[in-house]
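One file, structure_0.cif, carrying mmCIF, C-alpha atoms:
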data_start
loop_
_atom_site.label_atom_id
_atom_site.label_comp_id
_atom_site.auth_asym_id
_atom_site.auth_seq_id
_atom_site.Cartn_x
_atom_site.Cartn_y
_atom_site.Cartn_z
CA MET A 1 9.00 -18.80 5.25
CA ARG A 2 7.40 -15.79 6.95
CA GLU A 3 10.68 -14.31 8.19
CA LYS A 4 11.46 -13.40 4.57
CA GLU A 5 8.45 -11.05 4.67
CA LEU A 6 9.80 -9.01 7.58
CA ILE A 7 10.39 -5.37 6.71
CA VAL A 8 11.99 -3.64 9.72
CA TYR A 9 13.00 -6.57 11.92
CA ARG A 10 15.59 -8.22 9.71
CA ASN A 11 19.28 -8.98 9.78
CA PHE A 12 19.36 -10.93 13.02
CA GLY A 13 22.80 -12.31 12.23
CA GLU A 14 23.79 -15.66 13.69
CA GLU A 15 20.94 -15.44 16.20
CA GLY A 16 18.48 -15.53 13.29
CA ARG A 17 19.55 -18.92 11.95
CA LEU A 18 17.33 -20.70 14.45
CA LEU A 19 14.35 -18.58 13.37
CA SER A 20 14.92 -19.59 9.73
CA ARG A 21 15.10 -23.29 10.56
CA MET A 22 12.01 -23.19 12.74
CA SER A 23 10.17 -21.29 10.00
CA GLU A 24 11.07 -23.98 7.49
CA LEU A 25 9.71 -26.64 9.81
CA MET A 26 6.49 -24.75 10.46
CA ASP A 27 5.92 -24.35 6.73
CA GLY A 28 6.90 -27.82 5.56
CA PHE A 29 7.09 -30.45 8.30
CA LYS A 30 4.07 -32.26 6.79
CA ARG A 31 5.87 -32.63 3.47
CA GLN A 32 9.18 -33.83 4.92
CA GLU A 33 10.30 -37.34 5.73
CA VAL A 34 9.56 -37.98 9.39
CA GLY A 35 13.17 -38.82 10.20
CA GLU A 36 14.53 -35.73 8.48
CA GLY A 37 12.00 -33.43 10.10
CA ARG A 38 12.56 -34.96 13.53
CA SER A 39 16.32 -34.49 13.16
CA THR A 40 15.88 -30.81 12.30
CA LEU A 41 13.47 -30.30 15.20
CA TYR A 42 15.92 -31.87 17.65
CA GLU A 43 18.71 -29.64 16.32
CA CYS A 44 16.48 -26.66 16.98
CA MET A 45 15.68 -28.01 20.41
CA TYR A 46 19.41 -28.30 21.10
CA ALA A 47 19.89 -24.66 20.09
CA LEU A 48 17.11 -23.54 22.43
CA LEU A 49 18.59 -25.51 25.33
CA GLU A 50 22.00 -23.99 24.64
CA LEU A 51 20.36 -20.57 24.70
CA ALA A 52 18.84 -21.39 28.09
CA GLY A 53 22.24 -22.41 29.41
CA SER A 54 24.16 -19.42 28.08
CA HIS A 55 21.52 -16.72 28.66
CA GLY A 56 19.77 -18.16 31.73
CA PHE A 57 16.31 -18.35 30.14
CA SER A 58 13.49 -20.46 31.57
CA GLY A 59 9.82 -21.07 30.89
CA ASN A 60 8.87 -21.17 27.20
CA LEU A 61 12.29 -21.06 25.54
CA TRP A 62 10.80 -20.46 22.10
CA HIS A 63 9.09 -17.30 23.37
CA CYS A 64 12.27 -16.23 25.19
CA TYR A 65 14.25 -16.69 22.00
CA LEU A 66 11.81 -14.57 19.97
CA SER A 67 11.78 -11.87 22.65
CA ASN A 68 15.56 -11.84 22.73
CA LEU A 69 15.60 -11.23 18.98
CA LEU A 70 13.19 -8.31 19.35
CA VAL A 71 15.00 -6.56 22.20
CA ASN A 72 18.40 -6.86 20.51
CA ASN A 73 17.46 -5.86 16.97
CA GLU A 74 18.65 -2.30 16.43
CA ASN A 75 16.63 -0.81 13.59
CA SER A 76 15.15 2.57 12.68
CA TYR A 77 12.12 1.97 14.88
CA SER A 78 13.73 0.47 17.97
CA ARG A 79 16.49 3.11 18.04
CA SER A 80 13.91 5.88 17.73
CA CYS A 81 11.86 4.47 20.62
CA GLU A 82 14.74 3.78 23.01
CA ILE A 83 14.35 5.84 26.20
CA ARG A 84 11.83 8.16 24.42
CA GLY A 85 8.85 5.89 23.74
CA PRO A 86 6.36 5.81 20.84
CA VAL A 87 7.13 7.68 17.62
CA GLU A 88 4.90 8.82 14.80
CA GLY A 89 5.00 8.12 11.09
CA THR A 90 4.63 5.36 8.50
CA ILE A 91 7.28 3.30 10.27
CA ASN A 92 4.57 2.20 12.70
CA ARG A 93 2.64 0.46 9.92
CA ALA A 94 5.76 -1.38 8.80
CA VAL A 95 6.50 -2.47 12.38
CA LEU A 96 2.91 -3.59 12.90
CA HIS A 97 3.27 -5.74 9.78
CA ASP A 98 6.35 -7.39 11.30
CA ILE A 99 4.82 -7.84 14.74
CA GLU A 100 1.87 -9.64 13.15
CA ILE A 101 4.34 -12.20 11.82
CA PHE A 102 5.94 -12.51 15.26
CA ARG A 103 2.49 -12.93 16.78
CA GLU A 104 2.04 -15.99 14.56
CA TYR A 105 5.36 -17.34 15.85
CA PHE A 106 4.35 -16.71 19.47
CA SER A 107 0.94 -18.36 19.07
CA TYR A 108 2.12 -21.35 17.04
CA ASP A 109 0.78 -24.65 18.37
CA PHE A 110 3.55 -27.25 18.23
CA ARG A 111 1.36 -30.25 19.12
CA GLU A 112 0.66 -31.32 15.55
CA MET A 113 4.34 -30.97 14.62
CA MET A 114 5.43 -33.06 17.60
CA ASP A 115 2.84 -35.75 16.79
CA THR A 116 3.67 -35.88 13.07
CA LEU A 117 7.43 -35.99 13.63
CA LYS A 118 7.08 -38.29 16.65
CA ALA A 119 9.10 -35.86 18.81
CA PRO A 120 7.26 -35.41 22.13
CA ALA A 121 10.55 -34.42 23.80
CA PHE A 122 10.24 -30.98 22.22
CA SER A 123 7.66 -30.14 24.89
CA MET A 124 10.55 -29.73 27.35
CA VAL A 125 11.63 -26.44 25.75
CA LEU A 126 8.07 -25.11 25.94
CA SER A 127 8.09 -25.39 29.71
CA TYR A 128 11.70 -25.36 30.81
CA GLU A 129 12.84 -25.13 34.40
CA GLY A 130 16.18 -23.34 34.59
CA ASN A 131 18.94 -23.81 37.12
CA SER A 132 20.56 -21.36 39.51
CA GLN A 133 23.86 -21.22 37.64
CA GLU A 134 24.61 -17.68 36.49
CA SER A 135 24.49 -17.23 32.75
CA LYS A 136 27.56 -16.20 30.76
CA VAL A 137 25.78 -13.76 28.46
CA TYR A 138 23.19 -12.10 30.71
CA ASN A 139 23.08 -11.51 34.41
CA THR A 140 19.97 -12.41 36.38
CA ARG A 141 18.51 -8.90 36.08
CA ILE A 142 18.60 -8.91 32.27
CA CYS A 143 17.52 -12.52 31.98
CA ASN A 144 14.45 -11.97 34.15
CA ARG A 145 13.58 -8.87 32.16
CA ILE A 146 13.56 -10.79 28.86
CA CYS A 147 11.69 -13.77 30.29
CA SER A 148 9.07 -11.40 31.70
CA LEU A 149 8.72 -9.68 28.32
CA ALA A 150 8.28 -13.09 26.66
CA SER A 151 5.46 -13.91 29.05
CA HIS A 152 3.74 -10.56 28.44
CA LEU A 153 4.03 -10.80 24.64
CA SER A 154 2.62 -14.33 24.61
CA ARG A 155 -0.51 -13.11 26.43
CA ARG A 156 -1.24 -10.20 24.07
CA GLU A 157 -4.13 -11.03 21.73
CA THR A 158 -3.40 -8.60 18.89
CA ALA A 159 -0.34 -7.37 17.03
CA GLU A 160 -1.15 -3.82 18.17
CA GLU A 161 -1.03 -4.89 21.81
CA MET A 162 2.26 -6.71 21.25
CA LYS A 163 3.72 -3.67 19.52
CA ASN A 164 2.71 -1.42 22.42
CA THR A 165 4.27 -3.80 24.94
CA LEU A 166 7.52 -3.97 22.99
CA THR A 167 7.62 -0.19 22.52
CA GLU A 168 7.18 0.30 26.26
CA PHE A 169 10.13 -2.03 26.81
CA TYR A 170 12.24 0.14 24.49
CA ARG A 171 11.13 3.26 26.32
CA GLU A 172 11.97 1.87 29.74
CA TYR A 173 15.20 -0.02 29.00
CA GLY A 174 16.33 0.69 25.44
CA VAL A 175 17.38 -1.71 22.71
CA GLY A 176 20.39 -3.90 21.99
CA LYS A 177 23.55 -3.99 24.04
CA PHE A 178 23.23 -0.35 25.12
CA GLY A 179 19.71 -0.98 26.36
CA LEU A 180 20.43 -4.13 28.33
CA HIS A 181 23.82 -3.35 29.85
CA LYS A 182 25.13 -0.58 32.09
CA ALA A 183 28.83 -0.50 31.37
CA PHE A 184 31.09 -1.22 28.42
CA ARG A 185 34.73 -1.51 27.41
CA LEU A 186 36.59 -1.58 24.11
CA ALA A 187 37.06 -5.06 22.69
CA PRO A 188 40.48 -6.44 21.70
CA GLU A 189 41.36 -5.21 18.24
CA ASP A 190 42.11 -8.55 16.61
CA GLY A 191 39.31 -9.91 14.44
CA ARG A 192 36.62 -7.42 15.34
CA GLY A 193 34.41 -5.30 13.14
CA ARG A 194 33.44 -1.70 13.79
CA GLU A 195 30.16 -2.73 15.44
CA GLU A 196 32.08 -4.97 17.84
CA LEU A 197 34.35 -2.14 18.98
CA ILE A 198 32.26 -1.57 22.11
CA GLU A 199 31.46 -4.67 24.18
CA PRO A 200 29.38 -4.93 27.37
CA ILE A 201 30.85 -5.60 30.79
CA LEU A 202 28.71 -8.48 31.97
CA ASN A 203 29.18 -8.12 35.71
CA ILE A 204 29.62 -4.66 37.18
CA ALA A 205 30.01 -4.28 40.95
CA HIS A 206 26.68 -3.39 42.58
CA VAL A 207 27.99 -0.30 44.36
CA ARG A 208 25.53 2.43 45.37
CA LEU A 209 26.39 6.00 46.32
CA ASP A 210 24.97 5.40 49.79
CA ASP A 211 27.47 2.56 50.21
CA LEU A 212 30.37 5.05 50.11
CA VAL A 213 30.91 6.24 53.65
CA GLY A 214 31.96 9.88 54.02
CA TYR A 215 33.05 12.25 51.22
CA GLU A 216 29.66 13.92 51.23
CA THR A 217 30.92 17.13 49.61
CA ALA A 218 32.71 15.19 46.86
CA LYS A 219 29.68 13.01 46.18
CA LYS A 220 27.42 16.07 46.10
CA LYS A 221 29.49 17.71 43.34
CA LEU A 222 29.55 14.48 41.35
CA ILE A 223 25.81 13.91 41.74
CA GLU A 224 24.90 17.48 40.79
CA ASN A 225 26.94 17.30 37.59
CA THR A 226 25.57 13.88 36.65
CA GLU A 227 21.97 14.88 37.46
CA ALA A 228 22.26 17.85 35.12
CA PHE A 229 23.68 15.60 32.41
CA VAL A 230 20.93 12.97 32.50
CA LYS A 231 18.29 15.71 32.53
CA GLY A 232 19.69 17.12 29.29
CA LYS A 233 21.08 20.26 30.90
CA LYS A 234 24.57 21.67 30.53
CA ALA A 235 27.18 19.59 32.37
CA ASN A 236 30.95 19.41 32.55
CA ASN A 237 33.64 16.81 32.06
CA CYS A 238 34.69 15.67 35.51
CA LEU A 239 38.05 14.80 37.10
CA LEU A 240 38.09 12.86 40.36
CA TYR A 241 41.56 13.11 41.90
CA GLY A 242 43.20 12.43 45.22
CA ASP A 243 44.75 9.74 47.35
CA ALA A 244 44.64 6.06 46.48
CA GLY A 245 41.86 3.93 47.93
CA THR A 246 39.52 6.82 48.69
CA GLY A 247 36.60 5.76 46.50
CA LYS A 248 37.14 7.55 43.20
CA SER A 249 36.59 4.48 41.01
CA SER A 250 33.84 3.18 43.29
CA SER A 251 32.01 6.49 42.85
CA ILE A 252 31.99 6.00 39.07
CA LYS A 253 30.61 2.47 39.48
CA ALA A 254 27.95 3.84 41.81
CA ILE A 255 27.00 6.48 39.24
CA ALA A 256 26.58 3.74 36.61
CA ASN A 257 24.22 1.81 38.90
CA GLU A 258 22.34 4.87 40.17
CA TYR A 259 21.44 6.37 36.80
CA TYR A 260 21.11 3.33 34.54
CA ASP A 261 17.31 3.47 34.68
CA ARG A 262 17.48 7.06 33.45
CA GLY A 263 19.43 6.18 30.33
CA LEU A 264 23.02 6.64 31.53
CA ARG A 265 25.69 4.28 30.17
CA ILE A 266 29.43 4.19 30.91
CA ILE A 267 32.22 3.19 28.52
CA GLU A 268 35.63 2.45 30.03
CA ILE A 269 38.63 3.30 27.91
CA TYR A 270 42.39 3.21 28.54
CA LYS A 271 45.26 5.39 27.37
CA HIS A 272 46.42 3.05 24.62
CA GLN A 273 42.89 3.10 23.18
CA PHE A 274 42.59 6.88 22.77
CA ARG A 275 43.10 6.54 19.03
CA ASN A 276 39.70 4.77 18.96
CA LEU A 277 37.87 7.63 20.68
CA ASN A 278 36.53 9.11 17.46
CA ASP A 279 35.13 5.71 16.41
CA VAL A 280 33.52 5.29 19.82
CA ILE A 281 31.90 8.72 19.71
CA ALA A 282 30.71 8.13 16.15
CA GLN A 283 28.78 5.03 17.32
CA ILE A 284 27.11 6.65 20.32
CA LYS A 285 26.51 10.28 19.35
CA ASN A 286 23.10 9.71 17.73
CA ARG A 287 21.71 7.36 20.37
CA ASN A 288 19.12 8.41 22.93
CA TYR A 289 21.27 7.41 25.91
CA LYS A 290 23.67 9.59 27.87
CA PHE A 291 27.21 8.25 27.77
CA ILE A 292 30.08 8.82 30.17
CA ILE A 293 33.46 7.88 28.73
CA TYR A 294 35.35 6.74 31.81
CA MET A 295 39.14 6.85 32.12
CA ASP A 296 40.46 5.24 35.29
CA ASP A 297 43.80 6.14 36.87
CA LEU A 298 44.54 8.70 34.18
CA SER A 299 48.03 10.19 34.13
CA PHE A 300 50.84 10.71 31.67
CA GLU A 301 54.59 10.57 31.89
CA ASP A 302 56.40 13.50 30.29
CA PHE A 303 57.35 11.40 27.27
CA GLU A 304 53.78 10.24 26.58
CA ILE A 305 51.92 12.33 24.03
CA GLU A 306 48.49 10.70 24.10
CA TYR A 307 47.25 13.58 26.27
CA LYS A 308 47.48 15.89 23.25
CA TYR A 309 45.09 13.65 21.34
CA LEU A 310 42.73 13.52 24.31
CA LYS A 311 42.68 17.31 24.50
CA ALA A 312 41.65 17.54 20.87
CA VAL A 313 38.86 15.00 21.32
CA ILE A 314 37.48 16.71 24.42
CA GLU A 315 37.26 20.21 23.02
CA GLY A 316 39.74 21.09 20.35
CA GLY A 317 38.55 19.32 17.20
CA LEU A 318 36.44 20.74 14.40
CA GLU A 319 33.49 18.49 15.31
CA ARG A 320 31.77 19.54 18.52
CA LYS A 321 31.60 16.91 21.23
CA PRO A 322 28.05 15.46 21.22
CA ASP A 323 25.64 16.65 23.92
CA ASN A 324 25.07 13.06 25.05
CA VAL A 325 28.75 12.42 25.85
CA LEU A 326 30.84 13.45 28.87
CA ILE A 327 34.29 12.37 30.01
CA TYR A 328 34.86 11.34 33.63
CA ALA A 329 38.39 10.50 34.74
CA THR A 330 40.03 9.43 37.98
CA SER A 331 43.63 10.10 38.88
CA ASN A 332 45.97 10.21 41.85
CA ARG A 333 47.43 13.39 40.34
CA ARG A 334 45.87 16.83 40.29
CA HIS A 335 47.99 17.70 37.25
CA LEU A 336 47.65 14.78 34.88
CA VAL A 337 50.95 15.24 33.04
CA ARG A 338 53.98 14.48 35.16
CA GLU A 339 56.31 17.38 35.88
CA LYS A 340 59.85 17.18 37.32
CA PHE A 341 62.33 19.65 38.77
CA SER A 342 64.55 18.87 35.81
CA ASP A 343 61.84 20.42 33.63
CA LYS A 344 62.75 23.81 35.07
CA ARG A 345 66.31 23.46 33.88
CA GLU A 346 65.08 22.49 30.43
CA LEU A 347 62.78 25.50 30.38
CA ALA A 348 65.81 27.74 30.66
CA ASP A 349 66.59 26.77 27.06
CA ASP A 350 62.99 27.21 25.94
CA LEU A 351 62.32 30.53 24.25
CA HIS A 352 58.62 30.28 25.11
CA ASN A 353 58.68 28.45 28.43
CA ASN A 354 55.25 29.75 29.47
CA ASP A 355 53.75 28.08 26.40
CA THR A 356 55.40 24.80 27.36
CA VAL A 357 53.99 24.98 30.90
CA GLN A 358 50.51 25.80 29.60
CA GLU A 359 50.70 22.87 27.17
CA LYS A 360 51.06 20.48 30.10
CA LEU A 361 48.48 22.14 32.33
CA SER A 362 45.81 22.67 29.69
CA LEU A 363 44.51 19.10 29.83
CA VAL A 364 43.25 19.57 33.38
CA SER A 365 41.45 22.75 32.34
CA ARG A 366 39.34 20.66 29.94
CA PHE A 367 37.62 19.17 33.00
CA GLY A 368 35.09 21.76 34.17
CA VAL A 369 34.46 19.96 37.46
CA THR A 370 37.27 18.68 39.68
CA VAL A 371 36.43 16.63 42.77
CA TYR A 372 39.00 15.97 45.49
CA PHE A 373 39.06 12.68 47.42
CA GLY A 374 41.53 12.99 50.29
CA ALA A 375 42.69 10.30 52.70
CA PRO A 376 40.53 10.22 55.86
CA ASP A 377 41.95 11.21 59.22
CA LYS A 378 41.95 8.76 62.15
CA ALA A 379 38.44 9.63 63.31
CA GLN A 380 36.99 9.41 59.78
CA PHE A 381 38.74 6.08 59.21
CA GLN A 382 37.26 4.67 62.40
CA GLU A 383 33.80 5.89 61.40
CA ILE A 384 34.14 4.09 58.06
CA VAL A 385 35.16 0.92 59.89
CA ARG A 386 32.19 1.15 62.28
CA THR A 387 29.74 1.68 59.42
CA LEU A 388 31.11 -1.17 57.32
CA ALA A 389 31.12 -3.50 60.33
CA VAL A 390 27.43 -2.82 60.96
CA ARG A 391 26.61 -3.44 57.28
CA GLY A 392 28.61 -6.66 57.34
CA GLY A 393 26.87 -7.92 60.49
CA ILE A 394 30.11 -8.13 62.45
CA GLU A 395 29.46 -8.43 66.17
CA MET A 396 32.57 -7.27 68.01
CA PRO A 397 33.02 -4.83 70.89
CA GLU A 398 33.72 -1.39 69.41
CA GLU A 399 36.92 -0.92 71.35
CA GLU A 400 38.31 -4.22 70.08
CA LEU A 401 37.08 -3.53 66.54
CA LEU A 402 38.84 -0.17 66.34
CA LEU A 403 42.00 -1.51 67.95
CA GLU A 404 42.23 -4.29 65.37
CA ALA A 405 41.45 -1.82 62.59
CA ASN A 406 44.30 0.43 63.72
CA LYS A 407 46.69 -2.52 63.69
CA TRP A 408 45.49 -3.51 60.23
CA GLU A 409 45.96 -0.10 58.62
CA LEU A 410 49.53 0.17 59.94
CA PHE A 411 50.57 -2.82 57.85
CA HIS A 412 48.08 -2.62 54.96
CA GLY A 413 48.30 0.69 53.17
CA GLY A 414 47.43 3.30 55.80
CA LEU A 415 44.24 5.26 56.34
CA SER A 416 41.82 4.88 53.44
CA GLY A 417 38.37 3.58 52.63
CA ARG A 418 39.92 0.71 50.70
CA THR A 419 41.97 -0.34 53.73
CA ALA A 420 38.85 -0.23 55.92
CA GLN A 421 36.95 -2.43 53.44
CA GLN A 422 39.84 -4.88 53.26
CA PHE A 423 39.90 -5.09 57.06
CA ILE A 424 36.16 -5.82 57.19
CA ASP A 425 36.52 -8.43 54.43
CA HIS A 426 39.29 -10.05 56.50
CA LEU A 427 37.01 -10.25 59.53
CA LEU A 428 34.17 -11.68 57.48
CA GLY A 429 36.55 -14.30 56.09
CA GLN A 430 37.39 -15.41 59.62
CA CYS A 431 33.76 -15.86 60.64
CA GLU A 432 32.54 -19.44 60.90
#
Once more with this new file: its structure as structure tokens, please.
Amino acid sequence: MREKELIVYRNFGEEGRLLSRMSELMDGFKRQEVGEGRSTLYECMYALLELAGSHGFSGNLWHCYLSNLLVNNENSYSRSCEIRGPVEGTINRAVLHDIEIFREYFSYDFREMMDTLKAPAFSMVLSYEGNSQESKVYNTRICNRICSLASHLSRRETAEEMKNTLTEFYREYGVGKFGLHKAFRLAPEDGRGREELIEPILNIAHVRLDDLVGYETAKKKLIENTEAFVKGKKANNCLLYGDAGTGKSSSIKAIANEYYDRGLRIIEIYKHQFRNLNDVIAQIKNRNYKFIIYMDDLSFEDFEIEYKYLKAVIEGGLERKPDNVLIYATSNRRHLVREKFSDKRELADDLHNNDTVQEKLSLVSRFGVTVYFGAPDKAQFQEIVRTLAVRGGIEMPEEELLLEANKWELFHGGLSGRTAQQFIDHLLGQCE
């Protein structure tokens, strides 16, 4: 079984079971009973069809399966090449040894096996026509990327050419879950290992910065900070604050989409998960990507103490925050820790009341860039409505459009970009 001879590309986990079974068949189908061999081949065929259904693969499913193994296997070589490209050293010889084995898998001719085991149906997985149903594991973008890689690898004549093609894939997209996906969240704690702490978000909204109408000054500050970060320059943690429905969260989603191709990834984390921040940072600090840890709707009541832990993680701990990690947060509050008038009465009993005030305000100071998103005025709201209506293909006299928009905002949350979008969605829902 050639997979036992692999040096770098090993430890495929559950995904590797199919490779082992197919290897056994390739090595010994002539020595097996026909019925037993046919049964194993059909089980493998079932696994490949399931892979097509869950991942959305089409074409030669065997090649897609092998390519999927290669792009997801995080090892010393693939992690070194992610985003950076080719590396030097003896590791290249070891990888070339492995790719030669994979070249044999890619070029294997199944005709004799199908004839011997009397299993012509296996040809279906070698030329499989997929359906339009969206996959559960990969979106269309990722699926097409892997299928395209499978096609390219199958046409390469030498192991060296295959290695170069795979390395270019790592350079352009990366490897594993961080290479294939844009955004991530923390998995539920029950029954997970450390490696499963960070899980991909399979469907992120396809928002672009140009889709956000208005707020040009706010977007400019956010873009400048993010541009510096992805270029490897000094950048600051960023707080987006202001009125509800003004596009703070949408701006973060747009950043994730805009800079994915340049190695930016976003990890969403909530207050109750702050105790996992050190584990998260430990997993990502030595990767070649740039990571934004994203905290949506961040604020603390006066009795909540998680903000003290967050302060320590951002700047105050002994270990310096990695250069490839920033924290972006959104909040409706400028000062993240709630303050009340009753606090002033309590401060009268506090011997060091200035220290107490600074304790609550110091979290905001950890964010070097603050970006304000205010509610639009009437004219700005109407401009947002006009722009969204044009993008949505709504044909309505402008006077009537704005009149209906004004009625809508009076009963649906007031003047905001969110209200304008909800109004346009309402109109689109009424179209025949």
inquiry  = I'd like to see the residues matched by the PyMOL selection byres ((chain A and resi 98-100) around 9) on this file, and ideally I'd get them as a list of chain:residue names.
reply    =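 Against this file, the PyMOL selection byres ((chain A and resi 98-100) around 9) returns the residues A:Glu3, A:Glu5, A:Leu6, A:Ile7, A:Val8, A:Tyr9, A:Arg93, A:Ala94, A:Val95, A:Leu96, A:His97, A:Ile101, A:Phe102, A:Arg103, A:Glu104, A:Tyr105, A:Thr158, A:Ala159, A:Glu160, A:Met162, A:Lys163.
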request  = Pick out the closest residue to A:Arg84 from this set: A:Ile204, A:Leu49, A:Ile266, A:Val175. Count only C-alpha atoms.
outcome  =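 Residue with the minimum atom-to-atom distance to A:Arg84: A:Val175.
Coordinates place atom CA of A:Ser148 at a distance of 11.1 Å from atom CA of A:Asn68.
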ask   = In Å to one decimal, how far is atom CA of A:Cys81 from atom CA of A:Ile293?
value =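 Spanning atom CA of A:Ile293 to atom CA of A:Cys81 is a straight-line distance of 23.3 Å.
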ask   = For A:Glu50, which residue out of A:Leu18, A:Phe184, A:Leu153, A:Pro200 is the nearest one, using only C-alpha atoms?
value =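 Counting only C-alpha atoms, the residue closest to A:Glu50 is A:Leu18.
From atom CA of A:Lys221 back to atom CA of A:Val369, the distance works out to 8.0 Å.
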task = Evaluate the PyMOL selection byres ((chain A and resi 416) around 12) and record the selected residues as an NGL selection string, following the chain and residue labels used in the document.
result = :A and (212-215 or 242-248 or 373-385 or 405-406 or 408-410 or 412-415 or 417-423)
Selected residue, from A:Cys64, A:Ile198, A:Val87, A:Leu69, that lies nearest to A:Leu149 when counting only C-alpha atoms = A:Cys64
request  = Compare A:Ser76, A:Tyr128, A:Phe29, A:Arg38 by their minimum atom-to-atom distance to A:Phe57, counting only C-alpha atoms, and give me the closest one.
outcome  =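 Nearest candidate to A:Phe57 out of A:Ser76, A:Tyr128, A:Phe29, A:Arg38: A:Tyr128.
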request  = Please provide the set of residues having any atom within 9 Å of A:Val71, restricted to all atoms listed in the file, with same-chain residues fewer than 2 positions apart removed, written as a PyMOL selection string.
outcome  = chain A and resi 66-69+73-74+78+146+166+169-170+174-176+179-180
Closest of A:Leu239, A:Leu427, A:Ala121, A:Ala282 to A:Arg320 - atom-to-atom distances counting all atoms listed in the file =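 Looking at the shortest contact to A:Arg320, the residue is A:Ala282.
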request  = With the file shown as input, list the residues that the PyMOL selection byres ((chain A and resi 232) around 12) selects, as a ChimeraX atom specification.
outcome  = /A:225-231,233-236,262-264,288-291,322-326
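Proximity to A:Lys271 was assessed for A:Asn131, A:Ser39, A:Ser299, A:Asn92 counting only C-alpha atoms; the smallest distance is recorded for A:Ser299.
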task = Name the residues within 10 Å of (23.7, -21.4, 30.5), counting all atoms listed in the file in the file's coordinates, and put them as a PyMOL selection string.
result = chain A and resi 49-57+130-138
request  = Would you kindly return, as a ChimeraX atom specification, each protein, DNA or RNA residue with an atom no farther than 9 Å from any atom of A:Tyr294, considering only C-alpha atoms and excluding same-chain residues fewer than 2 positions away?
outcome  = /A:252,266-270,292,296,326-330
